[in-house]
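Trainee: This one is upload.txt, compact mmCIF, C-alpha atoms.
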```
# COMPACT_ATOMS: atom_id res chain seq x y z
CA MET A 13 0.00 0.00 0.00
CA LYS A 14 1.33 3.41 -0.94
CA LEU A 15 0.87 6.07 1.74
CA GLU A 16 2.38 8.97 -0.26
CA THR A 17 -0.23 11.07 -2.04
CA PRO A 18 0.22 11.65 -5.80
CA LEU A 19 0.45 15.41 -5.17
CA HIS A 20 3.29 14.97 -2.65
CA ARG A 21 5.14 12.68 -5.05
CA VAL A 22 4.81 15.01 -8.02
CA GLN A 23 5.89 18.06 -5.99
CA GLY A 24 9.14 16.23 -5.23
CA LEU A 25 9.79 18.18 -2.04
CA GLY A 26 10.23 15.21 0.32
CA ALA A 27 9.73 15.09 4.08
CA ALA A 28 11.38 18.44 4.80
CA HIS A 29 9.20 20.23 2.20
CA SER A 30 12.25 21.98 0.75
CA GLY A 31 13.40 19.36 -1.77
CA THR A 32 16.81 20.08 -3.31
CA THR A 33 16.64 23.84 -2.56
CA HIS A 34 19.55 23.83 -0.08
CA PHE A 35 21.75 21.65 -2.31
CA TRP A 36 20.97 23.70 -5.41
CA ARG A 37 21.54 27.13 -3.78
CA GLN A 38 24.87 25.88 -2.43
CA ARG A 39 25.96 24.95 -6.00
CA VAL A 40 24.61 28.12 -7.65
CA THR A 41 26.39 30.39 -5.14
CA ALA A 42 29.54 28.22 -5.48
CA ALA A 43 29.51 28.64 -9.26
CA ALA A 44 29.00 32.40 -8.88
CA LEU A 45 31.79 32.62 -6.30
CA VAL A 46 34.42 31.08 -8.61
CA PRO A 47 34.72 34.19 -10.85
CA LEU A 48 33.77 36.59 -8.03
CA THR A 49 36.55 35.29 -5.74
CA ILE A 50 39.09 35.53 -8.56
CA TRP A 51 37.95 39.15 -9.12
CA PHE A 52 38.17 39.84 -5.37
CA GLY A 53 41.73 38.45 -5.30
CA TYR A 54 42.64 40.66 -8.26
CA ALA A 55 41.05 43.71 -6.57
CA VAL A 56 42.91 43.20 -3.28
CA LEU A 57 46.26 42.65 -5.06
CA HIS A 58 45.57 45.75 -7.18
CA LEU A 59 44.81 47.82 -4.05
CA ILE A 60 47.75 46.69 -1.91
CA GLY A 61 49.65 49.65 -0.52
CA ALA A 62 46.98 52.10 -1.73
CA GLN A 63 45.81 55.04 0.39
CA GLN A 64 42.25 55.11 1.79
CA VAL A 65 41.09 57.62 -0.86
CA MET A 66 42.43 55.43 -3.67
CA VAL A 67 40.67 52.34 -2.31
CA LEU A 68 37.48 54.38 -1.90
CA SER A 69 37.60 55.65 -5.48
CA PHE A 70 38.13 52.06 -6.68
CA PHE A 71 34.89 50.95 -5.00
CA GLN A 72 33.07 54.11 -6.13
CA HIS A 73 33.30 52.79 -9.70
CA PRO A 74 29.84 51.24 -10.30
CA LEU A 75 31.21 47.98 -11.73
CA ASN A 76 33.61 47.46 -8.81
CA MET A 77 30.88 48.32 -6.30
CA ALA A 78 28.47 45.88 -7.97
CA LEU A 79 31.05 43.07 -8.10
CA MET A 80 32.08 43.61 -4.47
CA GLY A 81 28.42 43.68 -3.40
CA LEU A 82 27.67 40.50 -5.33
CA PHE A 83 30.78 38.83 -3.88
CA MET A 84 29.68 39.61 -0.32
CA LEU A 85 26.06 38.61 -1.07
CA ALA A 86 26.98 35.25 -2.66
CA ALA A 87 29.65 34.62 0.00
CA THR A 88 27.30 35.21 2.95
CA VAL A 89 24.51 33.06 1.44
CA HIS A 90 27.06 30.30 0.69
CA MET A 91 28.47 30.72 4.22
CA VAL A 92 25.08 30.31 5.95
CA LEU A 93 24.24 27.20 3.85
CA GLY A 94 27.67 25.68 4.57
CA LEU A 95 27.68 26.44 8.30
CA GLN A 96 24.16 24.94 8.48
CA VAL A 97 25.45 21.61 7.11
CA VAL A 98 28.42 21.58 9.50
CA ILE A 99 26.19 22.37 12.51
CA GLU A 100 23.54 19.78 11.54
CA ASP A 101 26.24 17.14 11.05
CA TYR A 102 28.15 17.60 14.30
CA VAL A 103 25.77 19.11 16.89
CA HIS A 104 23.27 16.59 18.17
CA THR A 105 21.75 18.46 21.12
CA GLU A 106 18.53 20.01 19.81
CA GLY A 107 18.71 23.25 21.82
CA THR A 108 22.38 23.96 21.05
CA LYS A 109 21.81 23.06 17.40
CA ILE A 110 18.93 25.52 16.97
CA LEU A 111 20.88 28.23 18.81
CA LEU A 112 23.94 27.76 16.56
CA LEU A 113 21.79 27.67 13.40
CA LEU A 114 20.16 30.97 14.43
CA LEU A 115 23.59 32.45 15.21
CA ALA A 116 24.95 31.38 11.81
CA ARG A 117 21.95 32.95 10.05
CA GLY A 118 22.24 36.12 12.11
CA MET A 119 25.97 36.38 11.36
CA GLY A 120 25.28 35.95 7.66
CA TRP A 121 22.67 38.73 7.62
CA LEU A 122 24.83 41.00 9.79
CA ILE A 123 28.00 40.59 7.67
CA GLY A 124 26.06 40.87 4.39
CA ALA A 125 23.99 43.89 5.42
CA THR A 126 26.98 45.71 6.96
CA ALA A 127 29.12 45.16 3.86
CA LEU A 128 26.37 46.26 1.45
CA ILE A 129 25.46 49.37 3.47
CA ALA A 130 29.15 50.31 3.75
CA LEU A 131 29.50 49.94 -0.04
CA PHE A 132 26.37 52.01 -0.79
CA SER A 133 27.56 54.77 1.57
CA MET A 134 30.78 55.10 -0.48
CA ARG A 135 29.03 56.96 -3.31
CA MET B 11 26.71 -12.63 39.53
CA ALA B 12 29.26 -13.85 37.02
CA ASP B 13 26.80 -13.92 34.13
CA ASN B 14 25.52 -10.36 34.65
CA PRO B 15 25.52 -8.82 31.13
CA GLN B 16 26.07 -5.34 32.64
CA VAL B 17 29.44 -6.31 34.09
CA GLN B 18 32.40 -6.48 31.71
CA THR B 19 34.26 -9.71 32.27
CA ARG B 20 36.98 -10.72 29.81
CA HIS B 21 37.28 -7.93 27.24
CA PRO B 22 35.44 -4.68 26.42
CA ARG B 23 32.73 -4.90 23.81
CA PRO B 24 33.57 -3.51 20.38
CA LEU B 25 32.62 0.10 19.67
CA SER B 26 31.46 1.42 16.33
CA PRO B 27 34.40 2.86 14.38
CA PHE B 28 35.07 6.59 14.68
CA LEU B 29 37.30 9.16 12.97
CA THR B 30 40.42 8.22 14.93
CA VAL B 31 40.54 4.59 13.77
CA TYR B 32 40.68 5.28 10.03
CA ARG B 33 43.69 5.91 7.85
CA TRP B 34 43.68 9.41 6.33
CA PRO B 35 43.38 9.00 2.55
CA VAL B 36 43.84 12.15 0.41
CA THR B 37 40.10 12.36 -0.35
CA MET B 38 39.14 12.22 3.34
CA ALA B 39 41.76 14.81 4.30
CA THR B 40 40.68 17.24 1.56
CA SER B 41 37.01 16.73 2.46
CA ILE B 42 37.50 17.67 6.12
CA THR B 43 39.87 20.50 5.14
CA HIS B 44 37.14 21.88 2.84
CA ARG B 45 34.82 22.14 5.84
CA VAL B 46 37.44 23.60 8.18
CA THR B 47 38.54 26.22 5.61
CA GLY B 48 34.86 27.03 4.98
CA VAL B 49 34.34 27.81 8.67
CA GLY B 50 37.62 29.79 8.68
CA ILE B 51 36.55 31.88 5.67
CA SER B 52 33.30 32.71 7.52
CA ALA B 53 35.45 34.42 10.15
CA GLY B 54 37.48 36.05 7.37
CA LEU B 55 34.30 37.60 5.92
CA ILE B 56 33.97 39.58 9.17
CA LEU B 57 37.44 40.98 8.40
CA ILE B 58 36.36 42.01 4.88
CA ALA B 59 33.19 43.67 6.25
CA TRP B 60 35.37 45.55 8.76
CA TRP B 61 37.65 46.66 5.89
CA LEU B 62 34.64 48.04 3.94
CA VAL B 63 33.22 49.80 7.00
CA ALA B 64 36.63 51.28 7.92
CA LEU B 65 36.94 52.65 4.38
CA THR B 66 33.81 54.78 4.88
CA ARG B 67 34.98 56.16 8.26
CA GLU B 68 37.57 58.72 9.39
CA PRO B 69 41.24 58.12 8.48
CA GLU B 70 41.98 57.07 12.11
CA GLN B 71 39.44 54.24 11.77
CA TYR B 72 41.06 53.06 8.53
CA ASP B 73 44.56 53.35 10.00
CA LEU B 74 43.43 51.17 12.92
CA PHE B 75 42.33 48.44 10.48
CA VAL B 76 45.61 48.69 8.53
CA TRP B 77 47.59 48.63 11.79
CA VAL B 78 45.82 45.46 12.98
CA VAL B 79 46.14 43.49 9.72
CA SER B 80 49.77 44.54 9.15
CA GLY B 81 50.90 43.53 12.64
CA PRO B 82 52.50 40.10 13.23
CA LEU B 83 49.25 38.49 14.47
CA GLY B 84 47.26 40.17 11.70
CA GLN B 85 49.69 38.85 9.08
CA ILE B 86 49.41 35.28 10.43
CA VAL B 87 45.59 35.51 10.38
CA LEU B 88 45.69 37.07 6.90
CA PHE B 89 47.97 34.34 5.54
CA GLY B 90 45.66 31.68 7.00
CA PHE B 91 42.70 33.44 5.40
CA VAL B 92 44.37 33.72 1.99
CA TRP B 93 45.37 30.04 2.05
CA ALA B 94 41.90 28.95 3.24
CA LEU B 95 40.27 30.99 0.46
CA ALA B 96 42.68 29.55 -2.14
CA PHE B 97 42.08 25.99 -0.95
CA HIS B 98 38.29 26.35 -0.70
CA LEU B 99 38.14 27.95 -4.17
CA LEU B 100 40.27 25.26 -5.85
CA ASN B 101 38.70 22.35 -3.97
CA GLY B 102 35.28 23.92 -4.62
CA ILE B 103 35.97 23.69 -8.37
CA ARG B 104 36.89 20.01 -7.74
CA HIS B 105 33.53 19.53 -6.00
CA LEU B 106 31.65 21.21 -8.88
CA MET B 107 33.42 18.85 -11.32
CA TRP B 108 32.29 15.87 -9.21
CA ASP B 109 28.73 17.29 -9.24
CA MET B 110 28.90 17.18 -13.04
CA GLY B 111 30.12 13.57 -12.89
CA TYR B 112 33.85 13.99 -13.63
CA GLY B 113 36.89 12.77 -11.70
CA PHE B 114 35.29 10.11 -9.52
CA LYS B 115 37.90 7.35 -10.14
CA VAL B 116 39.99 6.87 -6.99
CA PRO B 117 43.40 7.52 -8.64
CA THR B 118 41.94 10.65 -10.31
CA ALA B 119 40.38 11.91 -7.07
CA ASN B 120 43.71 11.34 -5.27
CA LYS B 121 45.67 13.19 -7.96
CA THR B 122 43.30 16.20 -8.04
CA GLY B 123 43.40 16.26 -4.22
CA VAL B 124 47.21 16.49 -4.13
CA LEU B 125 47.06 19.06 -6.95
CA VAL B 126 44.58 21.25 -5.04
CA VAL B 127 46.66 21.16 -1.82
CA THR B 128 49.90 21.98 -3.70
CA LEU B 129 48.36 24.78 -5.79
CA SER B 130 46.61 26.36 -2.79
CA VAL B 131 49.88 26.57 -0.82
CA LEU B 132 51.77 27.97 -3.85
CA LEU B 133 48.99 30.48 -4.52
CA ALA B 134 48.90 31.70 -0.92
CA ILE B 135 52.71 32.08 -0.81
CA GLY B 136 52.64 33.79 -4.21
CA VAL B 137 50.00 36.29 -3.09
CA PHE B 138 51.98 37.08 0.07
CA VAL B 139 55.30 37.49 -1.73
CA PHE B 140 53.62 39.79 -4.28
CA ALA B 141 51.85 41.74 -1.52
CA HIS B 142 55.06 42.37 0.42
CA MET B 143 57.02 43.30 -2.70
CA GLU B 144 54.24 45.71 -3.69
CA ALA B 145 53.74 47.36 -0.32
CA GLY B 146 57.04 46.90 1.46
CA VAL B 147 57.15 44.74 4.60
CA GLY B 148 54.45 45.55 7.14
CA ALA B 149 52.15 47.69 4.98
CA PRO B 150 49.70 45.44 3.14
CA LEU B 151 46.23 46.44 1.92
```
Take the structure from the file and write it as structure tokens.

Mentor:
Amino acid sequence: MKLETPLHRVQGLGAAHSGTTHFWRQRVTAAALVPLTIWFGYAVLHLIGAQQVMVLSFFQHPLNMALMGLFMLAATVHMVLGLQVVIEDYVHTEGTKILLLLLARGMGWLIGATALIALFSMR
Amino acid sequence: MADNPQVQTRHPRPLSPFLTVYRWPVTMATSITHRVTGVGISAGLILIAWWLVALTREPEQYDLFVWVVSGPLGQIVLFGFVWALAFHLLNGIRHLMWDMGYGFKVPTANKTGVLVVTLSVLLAIGVFVFAHMEAGVGAPL
């Protein structure tokens, strides 16, 4: 006897109701971060030894500001997804696990929002 | 009671195997290193956010950031961060290749693992040598 309803089967979201969302977002942000990290490495090497005003004017260029913003956005999303896996794998006490998951999320939002607001305020 | 099952008599009962009993093949070492570097980079992102915030503030605030990251402890942390980023980037590409179905054969996976470790160390050293040549010792970023 099959207990799964046809609707549930065709939705393909499984018991957690999120399907492959976590897995897929992890890969999409990873793929985005390959070129973005290479650009970030180039930017930092380019800016080494530069004065504050020179670094500021680098980020005031719209393309550089956009790329830096996207790097921080993709990195923080990728970070939260990754930390979630690590926490779920190694922390088995329910209370501690939930606390750490909330902390990881909060850190992600805090780092991402701070970086983006700092970038926007450079105009 | 000699036949009490709660009392250990001759030898301890076997335990299920854990991390410490296994050999450390290349693939296992790179897998755990991917996780550790991922957690390390998370901390490094705080450093980048600080850099961006300091840029928007008064010169004293920016000088404080530069002073911290160019100090001995800052340089050690920065080198660790650069290596972790290099490793996670290169090993991440390895993972994406696996996701697409390439490089699963054990000898291949071992070779790409050694390659990723070697390249990440060379890349991190290269970045640091370049940075110090560019800025003079003690004045990076």

Trainee: Please provide as a PDB file with C-alpha atoms, in the coordinates of the input all residues within 12 Å of A:Ala55, with the sequence filter that same-chain residues fewer than 6 positions apart are discarded (counting only C-alpha atoms).

Mentor:
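The result, written out as selection-v2.pdb:
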```
ATOM      1  CA  LEU A  48      33.770  36.590  -8.030  1.00  0.00           C
ATOM      2  CA  THR A  49      36.550  35.290  -5.740  1.00  0.00           C
ATOM      3  CA  ALA A  62      46.980  52.100  -1.730  1.00  0.00           C
ATOM      4  CA  VAL A  67      40.670  52.340  -2.310  1.00  0.00           C
ATOM      5  CA  PHE A  70      38.130  52.060  -6.680  1.00  0.00           C
ATOM      6  CA  PHE A  71      34.890  50.950  -5.000  1.00  0.00           C
ATOM      7  CA  LEU A  75      31.210  47.980 -11.730  1.00  0.00           C
ATOM      8  CA  ASN A  76      33.610  47.460  -8.810  1.00  0.00           C
ATOM      9  CA  MET A  77      30.880  48.320  -6.300  1.00  0.00           C
ATOM     10  CA  LEU A  79      31.050  43.070  -8.100  1.00  0.00           C
ATOM     11  CA  MET A  80      32.080  43.610  -4.470  1.00  0.00           C
ATOM     12  CA  PHE A  83      30.780  38.830  -3.880  1.00  0.00           C
TER      13      PHE A  83
ATOM     14  CA  LEU B 151      46.230  46.440   1.920  1.00  0.00           C
TER      15      LEU B 151
END
```

Trainee: What are the nearest atom pairs, with distances in Å to one decimal, for all residues of chain B that come at most 8 Å from chain A, using all atoms listed in the file, set out by chain and rising residue number as a tab-separated table?

Mentor:
```
residue	atom	partner	partner_atom	distance
B:Arg45	CA	A:Val98	CA	7.4
B:Gly48	CA	A:Gly94	CA	7.3
B:Val49	CA	A:Leu95	CA	6.8
B:Ser52	CA	A:Met91	CA	6.2
B:Leu55	CA	A:Ile123	CA	7.2
B:Ile56	CA	A:Ile123	CA	6.2
B:Ile58	CA	A:Ala127	CA	8.0
B:Ala59	CA	A:Ala127	CA	4.9
B:Trp60	CA	A:Ala127	CA	8.0
B:Leu62	CA	A:Ala130	CA	5.9
B:Val63	CA	A:Ala130	CA	5.2
B:Leu65	CA	A:Gln64	CA	6.4
B:Thr66	CA	A:Met134	CA	6.2
B:Pro69	CA	A:Gln64	CA	7.4
B:Tyr72	CA	A:Gln64	CA	7.1
B:Leu99	CA	A:Val46	CA	6.6
B:Gly102	CA	A:Ala42	CA	7.2
B:Ile103	CA	A:Val46	CA	7.6
B:Leu106	CA	A:Arg39	CA	7.4
B:Val137	CA	A:Leu57	CA	7.6
B:Phe140	CA	A:Leu57	CA	7.9
B:Ala141	CA	A:Ile60	CA	6.4
B:Glu144	CA	A:Ile60	CA	6.8
B:Ala145	CA	A:Gly61	CA	4.7
B:Ala149	CA	A:Gly61	CA	6.4
B:Pro150	CA	A:Ile60	CA	5.6
B:Leu151	CA	A:Ile60	CA	4.1
```

Trainee: Could you work out how far atom CA of B:Thr47 lies from atom CA of B:Gly81, giving the answer in Å with one decimal?

Mentor: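 Distance between the two atoms: 22.4 Å.
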
Trainee: Kindly give the distance, in Å, that separates atom CA of A:Phe52 and atom CA of A:Ala86, rounded to a single decimal.

Mentor: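 Calculated distance between atom CA of A:Phe52 and atom CA of A:Ala86 is 12.4 Å.
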
Trainee: Could you state the separation of atom CA of B:Arg33 and atom CA of A:Asp101 in Å, given to one decimal place?

Mentor: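 Between atom CA of B:Arg33 and atom CA of A:Asp101 the gap works out to 21.0 Å.
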
Trainee: Taking only C-alpha atoms into account, name the residue in A:His29, A:His34, A:Lys14, A:Arg21 that is nearest to A:Leu93.

Mentor: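 Nearest candidate to A:Leu93 out of A:His29, A:His34, A:Lys14, A:Arg21: A:His34.
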
Trainee: For each of B:Thr118, B:Gln71, B:Ser130, B:Thr30, take the minimum atom-to-atom distance to B:Leu95, counting all atoms listed in the file, then give the residue where this is smallest.

Mentor: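 Smallest separation from B:Leu95 among the options: B:Ser130.
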
Trainee: Is there a way to complete stretch 123-146 of chain B with N, CA and C atoms and then write that out as a JSON list (two decimals), in the coordinates of the input?

Mentor:
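Listed below is the output, out.json:
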```
[["chain", "number", "residue", "atom", "x", "y", "z"],
["B", 123, "GLY", "N", 43.28, 15.84, -5.63],
["B", 123, "GLY", "CA", 43.40, 16.26, -4.22],
["B", 123, "GLY", "C", 44.78, 16.80, -3.93],
["B", 124, "VAL", "N", 45.82, 16.05, -4.34],
["B", 124, "VAL", "CA", 47.21, 16.49, -4.13],
["B", 124, "VAL", "C", 47.45, 17.79, -4.89],
["B", 125, "LEU", "N", 46.91, 17.87, -6.12],
["B", 125, "LEU", "CA", 47.06, 19.06, -6.95],
["B", 125, "LEU", "C", 46.48, 20.30, -6.26],
["B", 126, "VAL", "N", 45.27, 20.13, -5.69],
["B", 126, "VAL", "CA", 44.58, 21.25, -5.04],
["B", 126, "VAL", "C", 45.37, 21.72, -3.81],
["B", 127, "VAL", "N", 45.88, 20.78, -3.02],
["B", 127, "VAL", "CA", 46.66, 21.16, -1.82],
["B", 127, "VAL", "C", 47.91, 21.92, -2.25],
["B", 128, "THR", "N", 48.65, 21.35, -3.24],
["B", 128, "THR", "CA", 49.90, 21.98, -3.70],
["B", 128, "THR", "C", 49.64, 23.38, -4.25],
["B", 129, "LEU", "N", 48.65, 23.48, -5.16],
["B", 129, "LEU", "CA", 48.36, 24.78, -5.79],
["B", 129, "LEU", "C", 47.91, 25.82, -4.77],
["B", 130, "SER", "N", 47.11, 25.40, -3.77],
["B", 130, "SER", "CA", 46.61, 26.36, -2.79],
["B", 130, "SER", "C", 47.76, 26.94, -1.97],
["B", 131, "VAL", "N", 48.73, 26.08, -1.60],
["B", 131, "VAL", "CA", 49.88, 26.57, -0.82],
["B", 131, "VAL", "C", 50.72, 27.52, -1.68],
["B", 132, "LEU", "N", 50.98, 27.12, -2.95],
["B", 132, "LEU", "CA", 51.77, 27.97, -3.85],
["B", 132, "LEU", "C", 51.09, 29.31, -4.09],
["B", 133, "LEU", "N", 49.75, 29.26, -4.27],
["B", 133, "LEU", "CA", 48.99, 30.48, -4.52],
["B", 133, "LEU", "C", 49.05, 31.42, -3.33],
["B", 134, "ALA", "N", 48.87, 30.87, -2.13],
["B", 134, "ALA", "CA", 48.90, 31.70, -0.92],
["B", 134, "ALA", "C", 50.28, 32.33, -0.74],
["B", 135, "ILE", "N", 51.35, 31.54, -0.93],
["B", 135, "ILE", "CA", 52.71, 32.08, -0.81],
["B", 135, "ILE", "C", 52.94, 33.14, -1.88],
["B", 136, "GLY", "N", 52.49, 32.85, -3.11],
["B", 136, "GLY", "CA", 52.64, 33.79, -4.21],
["B", 136, "GLY", "C", 51.98, 35.13, -3.92],
["B", 137, "VAL", "N", 50.73, 35.06, -3.41],
["B", 137, "VAL", "CA", 50.00, 36.29, -3.09],
["B", 137, "VAL", "C", 50.75, 37.08, -2.02],
["B", 138, "PHE", "N", 51.30, 36.38, -1.02],
["B", 138, "PHE", "CA", 51.98, 37.08, 0.07],
["B", 138, "PHE", "C", 53.30, 37.69, -0.38],
["B", 139, "VAL", "N", 54.04, 36.95, -1.22],
["B", 139, "VAL", "CA", 55.30, 37.49, -1.73],
["B", 139, "VAL", "C", 55.02, 38.74, -2.56],
["B", 140, "PHE", "N", 54.00, 38.65, -3.45],
["B", 140, "PHE", "CA", 53.62, 39.79, -4.28],
["B", 140, "PHE", "C", 53.20, 40.98, -3.41],
["B", 141, "ALA", "N", 52.37, 40.68, -2.39],
["B", 141, "ALA", "CA", 51.85, 41.74, -1.52],
["B", 141, "ALA", "C", 52.98, 42.47, -0.82],
["B", 142, "HIS", "N", 53.97, 41.74, -0.33],
["B", 142, "HIS", "CA", 55.06, 42.37, 0.42],
["B", 142, "HIS", "C", 56.02, 43.11, -0.49],
["B", 143, "MET", "N", 56.17, 42.59, -1.74],
["B", 143, "MET", "CA", 57.02, 43.30, -2.70],
["B", 143, "MET", "C", 56.37, 44.62, -3.08],
["B", 144, "GLU", "N", 55.03, 44.56, -3.23],
["B", 144, "GLU", "CA", 54.24, 45.71, -3.69],
["B", 144, "GLU", "C", 54.19, 46.80, -2.62],
["B", 145, "ALA", "N", 54.02, 46.38, -1.37],
["B", 145, "ALA", "CA", 53.74, 47.36, -0.32],
["B", 145, "ALA", "C", 54.94, 47.62, 0.58],
["B", 146, "GLY", "N", 55.96, 46.81, 0.49],
["B", 146, "GLY", "CA", 57.04, 46.90, 1.46],
["B", 146, "GLY", "C", 56.59, 46.18, 2.71]]
```
